[in-house]
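For reference, input11.cif (mmCIF, C-alpha atoms and all ligand atoms):
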data_input
#
loop_
_atom_site.label_atom_id
_atom_site.label_comp_id
_atom_site.auth_asym_id
_atom_site.auth_seq_id
_atom_site.Cartn_x
_atom_site.Cartn_y
_atom_site.Cartn_z
CA MET A 1 142.81 40.18 182.13
CA ILE A 2 140.85 38.40 179.37
CA ILE A 3 139.04 39.98 176.43
CA SER A 4 136.50 37.63 174.88
CA THR A 5 133.97 37.83 172.10
CA LEU A 6 131.67 35.63 170.03
CA GLY A 7 133.30 34.10 166.92
CA SER A 8 131.74 36.01 164.03
CA HIS A 9 131.37 39.50 162.52
CA SER A 10 134.48 41.42 163.70
CA SER A 11 135.87 38.99 166.25
CA LEU A 12 139.22 38.59 164.44
CA GLN A 13 139.74 42.33 164.47
CA ILE A 14 138.64 42.63 168.13
CA LEU A 15 140.93 39.86 169.36
CA HIS A 16 143.85 40.94 167.17
CA GLY A 17 143.56 44.42 168.70
CA ALA A 18 143.21 43.05 172.22
CA LYS A 19 146.38 41.01 171.80
CA LYS A 20 148.27 44.07 170.55
CA GLU A 21 147.25 45.86 173.75
CA GLY A 22 148.56 43.00 175.89
CA PHE A 23 145.35 41.17 176.85
CA THR A 24 144.72 37.44 176.96
CA THR A 25 142.22 36.68 174.19
CA SER A 26 139.36 34.22 174.05
CA VAL A 27 136.84 33.40 171.33
CA ILE A 28 133.55 31.63 171.96
CA THR A 29 132.50 29.88 168.79
CA ASP A 30 130.13 27.44 167.22
CA LYS A 31 131.77 23.99 167.20
CA ASN A 32 131.82 24.04 163.37
CA ARG A 33 134.11 27.06 163.31
CA GLU A 34 136.52 25.88 165.98
CA ASN A 35 139.24 24.92 163.50
CA PHE A 36 138.91 28.22 161.70
CA TYR A 37 139.62 30.27 164.84
CA LYS A 38 142.47 27.96 165.91
CA ARG A 39 144.40 29.14 162.86
CA PHE A 40 145.13 32.54 164.40
CA ASN A 41 147.96 32.82 166.88
CA PHE A 42 146.66 36.01 168.48
CA ILE A 43 143.75 34.00 169.91
CA ASP A 44 144.87 32.41 173.16
CA GLU A 45 141.80 30.32 173.83
CA VAL A 46 139.10 28.86 171.55
CA ARG A 47 136.00 27.73 173.46
CA SER A 48 133.31 26.06 171.39
CA TYR A 49 129.60 25.48 171.94
CA ASN A 50 127.02 23.09 170.53
CA SER A 51 123.97 25.11 171.50
CA LEU A 52 123.20 28.76 172.11
CA ASP A 53 122.51 28.13 175.81
CA GLU A 54 125.96 26.64 176.03
CA ALA A 55 127.33 29.77 174.33
CA LEU A 56 125.73 31.89 177.06
CA ASP A 57 127.25 29.66 179.76
CA LEU A 58 130.69 30.07 178.19
CA ILE A 59 130.30 33.86 178.05
CA ASN A 60 129.39 33.85 181.74
CA LYS A 61 132.04 31.36 182.78
CA ASN A 62 135.23 33.25 183.52
CA ASN A 63 137.78 32.39 186.10
CA GLU A 64 139.62 35.67 185.77
CA GLU A 65 138.68 39.30 185.43
CA SER A 66 137.33 39.62 181.92
CA VAL A 67 135.45 41.89 179.54
CA PHE A 68 133.14 40.64 176.79
CA ILE A 69 132.97 42.66 173.54
CA PRO A 70 129.57 42.69 171.80
CA HIS A 71 129.33 43.03 168.01
CA GLY A 72 126.69 42.97 165.29
CA SER A 73 126.13 39.22 165.37
CA LEU A 74 125.64 38.89 169.12
CA ILE A 75 121.90 39.57 169.31
CA GLU A 76 121.28 37.97 165.90
CA TYR A 77 122.87 34.72 167.11
CA LEU A 78 121.92 34.55 170.80
CA GLY A 79 118.63 36.48 170.80
CA MET A 80 117.81 39.35 173.14
CA GLU A 81 116.64 37.13 176.03
CA ARG A 82 119.96 35.34 176.30
CA VAL A 83 121.92 38.56 175.82
CA LYS A 84 120.06 40.04 178.80
CA ARG A 85 121.39 37.14 180.90
CA ILE A 86 125.05 37.93 180.20
CA LYS A 87 126.68 38.54 183.58
CA THR A 88 130.22 39.21 182.39
CA PRO A 89 130.92 42.95 182.07
CA ILE A 90 130.29 44.11 178.51
CA PHE A 91 132.32 46.85 176.84
CA GLY A 92 129.69 49.43 175.87
CA ASN A 93 126.22 50.30 177.09
CA ARG A 94 124.00 47.21 177.22
CA ASN A 95 120.93 49.39 177.80
CA LEU A 96 121.25 50.55 174.19
CA PHE A 97 120.59 47.04 172.79
CA GLU A 98 116.86 47.38 173.20
CA TRP A 99 116.75 50.73 171.47
CA GLU A 100 118.68 49.26 168.58
CA ALA A 101 116.46 46.20 168.27
CA ASN A 102 113.30 48.26 167.84
CA GLN A 103 113.23 50.14 164.51
CA HIS A 104 110.83 52.78 165.81
CA LYS A 105 112.73 53.49 169.03
CA LYS A 106 115.91 53.55 167.00
CA MET A 107 114.70 56.27 164.67
CA SER A 108 113.29 58.27 167.60
CA LEU A 109 116.73 58.49 169.15
CA LEU A 110 118.13 59.96 165.91
CA LYS A 111 115.25 62.38 165.74
CA MET A 112 115.80 63.52 169.32
CA ALA A 113 119.44 64.15 168.38
CA LYS A 114 118.21 66.59 165.70
CA ILE A 115 119.80 64.46 163.00
CA LYS A 116 118.25 64.62 159.56
CA ILE A 117 116.40 61.33 158.97
CA PRO A 118 114.18 60.03 156.15
CA GLU A 119 110.44 60.48 156.52
CA SER A 120 108.83 57.31 157.82
CA PHE A 121 105.26 56.10 157.35
CA GLU A 122 103.24 54.52 160.16
CA SER A 123 100.84 52.72 157.85
CA PRO A 124 101.06 51.56 154.20
CA GLU A 125 98.01 53.83 153.61
CA ASP A 126 100.13 56.94 154.27
CA VAL A 127 102.77 56.15 151.63
CA ASP A 128 102.99 58.90 149.01
CA ARG A 129 106.47 58.42 147.51
CA LEU A 130 109.23 55.90 146.78
CA VAL A 131 109.91 53.91 149.97
CA ILE A 132 112.13 51.16 151.29
CA VAL A 133 110.53 48.62 153.62
CA LYS A 134 112.92 47.21 156.20
CA LEU A 135 112.83 44.22 158.53
CA PRO A 136 113.92 44.28 162.17
CA GLY A 137 117.34 43.19 163.42
CA ALA A 138 120.69 42.98 161.71
CA LYS A 139 119.72 40.51 159.00
CA GLY A 140 122.06 42.08 156.47
CA GLY A 141 119.29 43.57 154.37
CA LYS A 142 117.46 40.25 153.82
CA GLY A 143 113.82 40.69 152.82
CA TYR A 144 114.00 44.47 152.28
CA PHE A 145 112.06 45.79 149.32
CA ILE A 146 111.40 48.99 147.40
CA ALA A 147 107.86 50.14 146.67
CA LYS A 148 106.60 52.98 144.51
CA ASN A 149 103.17 53.34 146.15
CA LYS A 150 100.90 52.01 148.90
CA GLU A 151 99.64 49.10 146.79
CA GLU A 152 103.17 47.83 146.25
CA VAL A 153 103.89 48.21 149.97
CA LYS A 154 100.84 46.10 150.88
CA GLU A 155 101.71 43.49 148.27
CA GLY A 156 105.29 43.23 149.56
CA LEU A 157 104.17 43.02 153.19
CA ASN A 158 101.82 40.16 152.37
CA LYS A 159 104.71 38.28 150.77
CA LEU A 160 106.82 38.81 153.92
CA LEU A 161 103.97 37.54 156.11
CA GLU A 162 103.44 34.49 153.88
CA ALA A 163 107.16 33.73 153.90
CA LYS A 164 107.02 34.07 157.73
CA LEU A 165 109.82 36.62 157.60
CA ILE A 166 107.66 38.77 159.89
CA LYS A 167 104.77 38.00 162.27
CA SER A 168 103.08 41.38 162.07
CA ILE A 169 103.46 44.48 159.93
CA ASP A 170 104.36 46.49 163.04
CA GLU A 171 107.77 44.87 162.88
CA VAL A 172 108.78 46.64 159.67
CA ILE A 173 109.74 50.22 159.09
CA ILE A 174 108.51 51.98 155.98
CA GLN A 175 110.98 54.69 155.10
CA GLU A 176 111.25 57.28 152.37
CA TYR A 177 113.89 56.12 149.88
CA VAL A 178 116.55 58.83 149.90
CA LEU A 179 118.35 59.32 146.62
CA GLY A 180 122.10 59.76 146.92
CA ILE A 181 125.05 57.58 147.83
CA PRO A 182 125.46 55.58 151.01
CA ILE A 183 128.30 56.40 153.39
CA TYR A 184 128.53 54.70 156.77
CA PHE A 185 130.39 56.91 159.24
CA HIS A 186 132.22 55.00 162.00
CA PHE A 187 132.76 56.80 165.30
CA PHE A 188 134.10 55.99 168.75
CA TYR A 189 133.03 57.78 171.89
CA SER A 190 135.65 57.66 174.59
CA PRO A 191 134.31 58.18 178.12
CA ILE A 192 137.95 58.30 179.24
CA PHE A 193 139.05 61.10 176.87
CA LYS A 194 135.50 62.49 176.73
CA ARG A 195 135.66 62.89 172.98
CA VAL A 196 134.16 61.59 169.76
CA GLU A 197 136.71 60.18 167.30
CA ILE A 198 135.98 59.35 163.69
CA THR A 199 137.50 55.94 163.04
CA GLY A 200 136.60 55.35 159.40
CA MET A 201 133.89 55.01 156.79
CA ASP A 202 132.62 52.34 154.49
CA ILE A 203 130.02 51.54 151.87
CA ARG A 204 128.11 48.29 152.03
CA TYR A 205 128.39 46.23 148.88
CA GLU A 206 124.88 44.95 148.35
CA THR A 207 123.48 42.41 145.98
CA ASN A 208 121.82 43.04 143.72
CA VAL A 209 121.27 46.79 144.02
CA ASP A 210 124.98 47.38 143.37
CA GLY A 211 125.04 44.82 140.58
CA LEU A 212 122.14 46.36 138.68
CA ARG A 213 124.14 49.36 137.51
CA ARG A 214 126.45 47.02 135.59
CA LEU A 215 123.71 46.30 133.08
CA PRO A 216 121.80 48.72 130.88
CA THR A 217 118.33 49.29 132.34
CA ASN A 218 116.60 48.28 129.09
CA LEU A 219 117.97 44.73 129.42
CA ILE A 220 116.50 43.90 132.78
CA SER A 221 113.49 44.40 134.94
CA VAL A 222 114.69 43.09 138.27
CA GLU A 223 113.71 44.55 141.63
CA PRO A 224 116.70 45.72 143.65
CA THR A 225 117.57 43.77 146.82
CA PHE A 226 119.85 44.88 149.64
CA VAL A 227 121.64 41.80 150.92
CA VAL A 228 125.05 42.84 152.26
CA ALA A 229 127.84 40.75 150.75
CA GLY A 230 130.88 42.90 151.53
CA ASN A 231 132.19 46.34 152.39
CA ILE A 232 134.06 48.91 150.34
CA PRO A 233 136.32 51.63 151.81
CA VAL A 234 135.57 55.26 151.19
CA ILE A 235 136.76 58.62 152.44
CA ALA A 236 134.51 61.64 152.42
CA ARG A 237 135.10 65.14 151.13
CA GLU A 238 136.55 67.00 154.08
CA SER A 239 133.74 69.54 153.83
CA ILE A 240 131.28 66.81 154.84
CA LEU A 241 133.10 66.02 158.06
CA PRO A 242 131.99 68.96 160.25
CA ARG A 243 128.32 67.99 159.77
CA ALA A 244 129.11 64.32 160.39
CA PHE A 245 130.83 65.28 163.66
CA GLU A 246 127.97 67.55 164.67
CA TYR A 247 125.58 64.63 164.20
CA ALA A 248 127.86 62.23 166.09
CA GLU A 249 128.20 64.61 169.04
CA ASN A 250 124.46 65.29 169.13
CA PHE A 251 123.91 61.56 169.10
CA VAL A 252 126.29 60.99 172.02
CA ASN A 253 124.55 63.74 174.03
CA THR A 254 121.10 62.33 173.29
CA VAL A 255 122.11 58.80 174.27
CA LYS A 256 123.53 60.21 177.51
CA GLU A 257 120.19 61.88 178.31
CA ASN A 258 117.96 58.96 177.35
CA VAL A 259 119.86 55.71 177.84
CA PRO A 260 121.53 55.52 181.26
CA LEU A 261 125.31 55.46 181.18
CA GLY A 262 125.34 56.94 177.69
CA MET A 263 127.36 56.02 174.63
CA ILE A 264 130.50 53.98 175.22
CA GLY A 265 132.83 52.98 172.40
CA PRO A 266 132.09 52.37 168.72
CA PHE A 267 128.96 53.38 166.88
CA CYS A 268 127.99 54.04 163.28
CA LEU A 269 125.71 56.52 161.56
CA GLU A 270 124.44 54.82 158.41
CA SER A 271 123.72 57.58 155.95
CA ILE A 272 122.85 58.66 152.47
CA VAL A 273 124.72 61.72 151.20
CA THR A 274 122.53 63.65 148.79
CA ASP A 275 123.56 65.82 145.83
CA ASN A 276 123.44 68.97 147.95
CA LEU A 277 125.81 67.19 150.36
CA ASP A 278 123.19 66.75 153.04
CA ILE A 279 123.73 63.78 155.31
CA VAL A 280 120.52 61.84 155.91
CA VAL A 281 120.94 59.16 158.56
CA PHE A 282 118.64 56.19 158.03
CA GLU A 283 119.92 54.01 160.85
CA PHE A 284 122.51 53.75 163.61
CA SER A 285 124.48 50.90 165.12
CA GLY A 286 125.42 51.28 168.76
CA ARG A 287 128.45 49.01 168.59
CA ILE A 288 131.26 47.95 166.25
CA VAL A 289 130.14 47.50 162.62
CA ALA A 290 131.60 44.97 160.18
CA GLY A 291 132.75 47.78 157.86
CA THR A 292 135.55 48.49 160.35
CA ASN A 293 137.12 45.15 159.30
CA LEU A 294 138.52 47.09 156.35
CA TYR A 295 140.88 48.92 158.66
CA ILE A 296 142.77 46.36 160.73
CA GLU A 297 145.90 48.44 160.04
CA GLY A 298 144.02 51.61 160.96
CA SER A 299 142.07 53.94 158.68
CA PRO A 300 143.10 57.28 157.13
CA TYR A 301 141.21 58.84 160.05
CA SER A 302 142.53 56.79 162.96
CA TRP A 303 146.04 57.97 162.04
CA LEU A 304 144.94 61.50 162.86
CA TYR A 305 144.59 60.58 166.52
CA TRP A 306 147.11 57.84 167.11
CA ASP A 307 149.96 57.91 164.55
CA GLU A 308 150.09 54.14 164.86
CA PRO A 309 147.99 51.33 163.36
CA MET A 310 144.74 51.52 165.32
CA SER A 311 141.83 49.31 164.31
CA VAL A 312 138.54 49.80 166.12
CA GLY A 313 139.19 46.44 167.81
CA ARG A 314 142.48 47.77 169.11
CA ARG A 315 140.87 51.10 170.05
CA ILE A 316 138.38 49.20 172.24
CA ALA A 317 141.23 47.37 173.96
CA ARG A 318 143.16 50.64 174.40
CA GLU A 319 140.14 52.22 176.10
CA ILE A 320 139.81 49.23 178.43
CA LYS A 321 143.53 49.31 179.19
CA ILE A 322 143.54 52.99 180.10
CA ALA A 323 140.28 52.65 182.05
CA LYS A 324 141.80 49.82 184.07
CA LEU A 325 144.98 51.78 184.79
CA GLU A 326 142.91 54.74 185.98
CA ASN A 327 140.51 52.56 187.99
CA LYS A 328 137.64 53.54 185.71
CA LEU A 329 136.55 50.17 184.27
CA GLY A 330 133.02 50.95 185.51
CA GLU A 331 132.86 53.90 183.10
CA VAL A 332 133.40 51.74 180.00
CA THR A 333 131.61 48.53 180.92
CA THR A 334 128.02 47.71 181.89
P1 LIG B 1 120.07 49.01 156.57
O1 LIG B 1 119.81 47.58 156.94
O2 LIG B 1 119.13 49.95 157.26
O3 LIG B 1 121.52 49.34 156.81
O4 LIG B 1 119.79 49.19 155.02
C1 LIG B 1 120.36 48.35 154.04
C2 LIG B 1 120.60 49.13 152.76
O5 LIG B 1 119.38 49.68 152.27
C3 LIG B 1 121.51 50.33 152.94
O6 LIG B 1 122.87 49.99 152.88
C4 LIG B 1 121.08 51.22 151.79
O7 LIG B 1 121.67 50.79 150.58
C5 LIG B 1 119.61 50.97 151.70
N1 LIG B 1 118.79 51.93 152.45
C6 LIG B 1 118.30 51.76 153.70
N2 LIG B 1 117.51 52.80 154.07
C7 LIG B 1 117.50 53.65 153.03
C8 LIG B 1 116.83 54.90 152.76
N3 LIG B 1 116.01 55.46 153.64
N4 LIG B 1 117.03 55.47 151.55
C9 LIG B 1 117.84 54.88 150.63
N5 LIG B 1 118.47 53.71 150.81
C10 LIG B 1 118.31 53.09 151.98
#

Write-out of the structure in structure tokens:
Amino acid sequence: MIISTLGSHSSLQILHGAKKEGFTTSVITDKNRENFYKRFNFIDEVRSYNSLDEALDLINKNNEESVFIPHGSLIEYLGMERVKRIKTPIFGNRNLFEWEANQHKKMSLLKMAKIKIPESFESPEDVDRLVIVKLPGAKGGKGYFIAKNKEEVKEGLNKLLEAKLIKSIDEVIIQEYVLGIPIYFHFFYSPIFKRVEITGMDIRYETNVDGLRRLPTNLISVEPTFVVAGNIPVIARESILPRAFEYAENFVNTVKENVPLGMIGPFCLESIVTDNLDIVVFEFSGRIVAGTNLYIEGSPYSWLYWDEPMSVGRRIAREIKIAKLENKLGEVTT
């Protein structure tokens, strides 16, 4: 059986884990990166494309039973229309993609799960506090800005429209800026074991908001930006974990009720932890996040379940392996 994925994001981790679990591995990559992926001996097959339509053909062309693993770059690279035309079984719930792509639907799912979320503002006119304005899709924070009042929101939106970063202001989400520290909680829902596992945590290292604190504030007057350039590991105070689990389990139950087939596999609750140790979730990812690349040897949390090196990539492959043995592949793929 073949496990394949698109060459980007967390594909090395995914294929490394798949190999460890005994699968044949295949990467589908832009021609320019072909030599890069050929360097790794855990990748059995490197298939390259010159156009995105060709990438879709390669994903759909499989001569053996195979499972395709989606990750954060899939929709960014291929676009939703092509992703909808993927015929190969996907690990995870493909019906969740649309919820994730729409900022408003995304936040509504968190709200339905009774997870604490930042206040959001429908119109710039309603803004009455410090806000962060966010663009759609996983663009790694590009174009985001902070505004202190409605005038600054309008000004910033006009700049985004002029720069053609957005077509209409309905595409953005205007969210209360929550003061605290970011922690991104990585989870895995196993339909086979019927349990939520915590697989790790990370902090996104963002330029230049993280760089600004290196200089005294009286030296500079630069607006913070939120372009992700890396990830930093973190572990949380144990007393935060019960709430994080409560949120994760609520989320899994809500997805089950609202998005047919429910949560399958990795997801992430992107949060700010405030000074009274509240967890405020400002976004979720319904698939593997790049912050899991920190833990190819397993995280301090994955050891609690497995007592062996267990990356999220390997955990995905383990779930597929057990599902196949138990004739339950239909429960983990869509
Ligand atoms: P996102 O693309 O939603 O993951 O956001 C990118 C970055 O913006 C995060 O890593 C945070 O640093 C910051 N951020 C996003 N939403 C909020 C919020 N509501 N309050 C404070 N910071 C936020």

Inset, instruction - Find the residue from A:Ile198, A:Leu179, A:Met1, A:Met112 that sits nearest to Arg315 of chain A; use all atoms listed in the file when measuring. - result: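 Closest residue, counting all atoms listed in the file: A:Ile198.
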
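The environment of segment 69-80 of chain A within 6 Å, counting only C-alpha atoms and disregarding residues fewer than 2 places along the same chain, consists of A:Thr5, A:His9, A:Arg82, A:Val83, A:Ile90, A:Phe91, A:Ile288.
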
Inset, instruction - Produce as JSON, numbers by chain the set of residues near ligand LIG 1 (chain B), where near means within 8 Å with only C-alpha atoms and all ligand atoms considered. - result: {"A": [117, 118, 131, 132, 134, 135, 138, 139, 140, 141, 144, 175, 176, 177, 178, 179, 180, 182, 203, 204, 205, 206, 209, 226, 227, 228, 270, 271, 272, 281, 282, 283]}

Legend entry - Residue neighbourhood segment 147-162 of chain A, 9 Å, only C-alpha atoms, exclusion window fewer than 2 positions, as a ChimeraX atom specification: /A:123-133,143,145,164-169,172,174

Inset, instruction - Would you mind telling me which residue in A:Lys116, A:Lys321, A:Arg214, A:His186 lies nearest to Ala290 of chain A when using only C-alpha atoms? - result: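 Nearest to Ala290 of chain A: A:His186.
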
Inset, instruction - Would you please work out which residue, of A:Asn102, A:Asn60, A:Asn231, A:Ser51, is nearest to Asn293 of chain A when using only C-alpha atoms? - result: A:Asn231

Inset, instruction - Can you pull out every residue within 9 Å of Ser48 of chain A, counting all atoms listed in the file, but drop anything in the same chain fewer than 3 positions away, and send it as JSON, numbers by chain? - result: {"A": [27, 28, 29, 30, 31, 32, 33, 34, 54, 55, 58]}

Please produce a file of those selected residues containing C-alpha atoms, as a PDB file, keeping the file's coordinate frame.
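The resulting out07.pdb:
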ATOM      1  CA  VAL A  27     136.840  33.400 171.330  1.00  0.00           C
ATOM      2  CA  ILE A  28     133.550  31.630 171.960  1.00  0.00           C
ATOM      3  CA  THR A  29     132.500  29.880 168.790  1.00  0.00           C
ATOM      4  CA  ASP A  30     130.130  27.440 167.220  1.00  0.00           C
ATOM      5  CA  LYS A  31     131.770  23.990 167.200  1.00  0.00           C
ATOM      6  CA  ASN A  32     131.820  24.040 163.370  1.00  0.00           C
ATOM      7  CA  ARG A  33     134.110  27.060 163.310  1.00  0.00           C
ATOM      8  CA  GLU A  34     136.520  25.880 165.980  1.00  0.00           C
ATOM      9  CA  GLU A  54     125.960  26.640 176.030  1.00  0.00           C
ATOM     10  CA  ALA A  55     127.330  29.770 174.330  1.00  0.00           C
ATOM     11  CA  LEU A  58     130.690  30.070 178.190  1.00  0.00           C
TER      12      LEU A  58
END

Inset, instruction - Write out as a ChimeraX atom specification the residues lying within 10 Å of Phe245 of chain A, counting only C-alpha atoms and excluding same-chain residues fewer than 4 positions away. - result: /A:185,187,196-198,240-241,249-251

Legend entry - Shortest interatomic distance to Asp202 of chain A - which of A:Pro300, A:Ile146, A:Thr225, A:Val255, counting all atoms listed in the file: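 Distance minimum relative to Asp202 of chain A lands on A:Pro300.
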
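Nearest-residue note for Gly298 of chain A: choosing from A:Thr199, A:Tyr247, A:Ile279, A:Thr207, the minimum distance belongs to A:Thr199, counting only C-alpha atoms.
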
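With distances restricted to all atoms listed in the file, A:Phe188 is the closest residue to Ile264 of chain A from A:Tyr49, A:Tyr37, A:Trp306, A:Phe188.
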
Inset, instruction - Quick one: residues within 9 Å of (127.2, 66.9, 148.8) (file frame), counting all atoms listed in the file, please, as a ChimeraX atom specification. - result: /A:180,237,239-240,273-279

Inset, instruction - Quote the spacing between atom CA of Ile192 of chain A and atom CA of Lys324 of chain A in Å to one decimal place. - result: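 Spanning atom CA of Ile192 of chain A to atom CA of Lys324 of chain A is a straight-line distance of 10.5 Å.
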
Inset, instruction - May I have the residues within 8 Å of Ile296 of chain A as a PyMOL selection string, using all atoms listed in the file and disregarding those fewer than 5 positions away in the same chain? - result: chain A and resi 13+309-313

What does the file look like for those residues with C-alpha atoms, as a short mmCIF file (atom, residue, chain, number, x, y, z; two decimals), in the coordinates of the input?
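For reference, result-v8.cif as written:
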data_model
loop_
_atom_site.label_atom_id
_atom_site.label_comp_id
_atom_site.auth_asym_id
_atom_site.auth_seq_id
_atom_site.Cartn_x
_atom_site.Cartn_y
_atom_site.Cartn_z
CA GLN A 13 139.74 42.33 164.47
CA PRO A 309 147.99 51.33 163.36
CA MET A 310 144.74 51.52 165.32
CA SER A 311 141.83 49.31 164.31
CA VAL A 312 138.54 49.80 166.12
CA GLY A 313 139.19 46.44 167.81
#

Inset, instruction - Take the point (125.7, 49.5, 181.0) in the file's coordinates, draw a sphere of radius 9 Å around it, and report as number ranges by chain every protein, DNA or RNA residue with an atom inside or on it, counting all atoms listed in the file. - result: A: 89-96, 260-262, 264, 330-334

Legend entry - Point-to-point distance in Å for atom CA of Tyr189 of chain A and atom CA of Leu15 of chain A: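 The value is 19.7 Å.
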
Legend entry - Straight-line distance linking atom CA of Asn218 of chain A with atom CA of Lys142 of chain A, stated in Å to one decimal: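 Interatomic distance, atom CA of Asn218 of chain A to atom CA of Lys142 of chain A: 26.0 Å.
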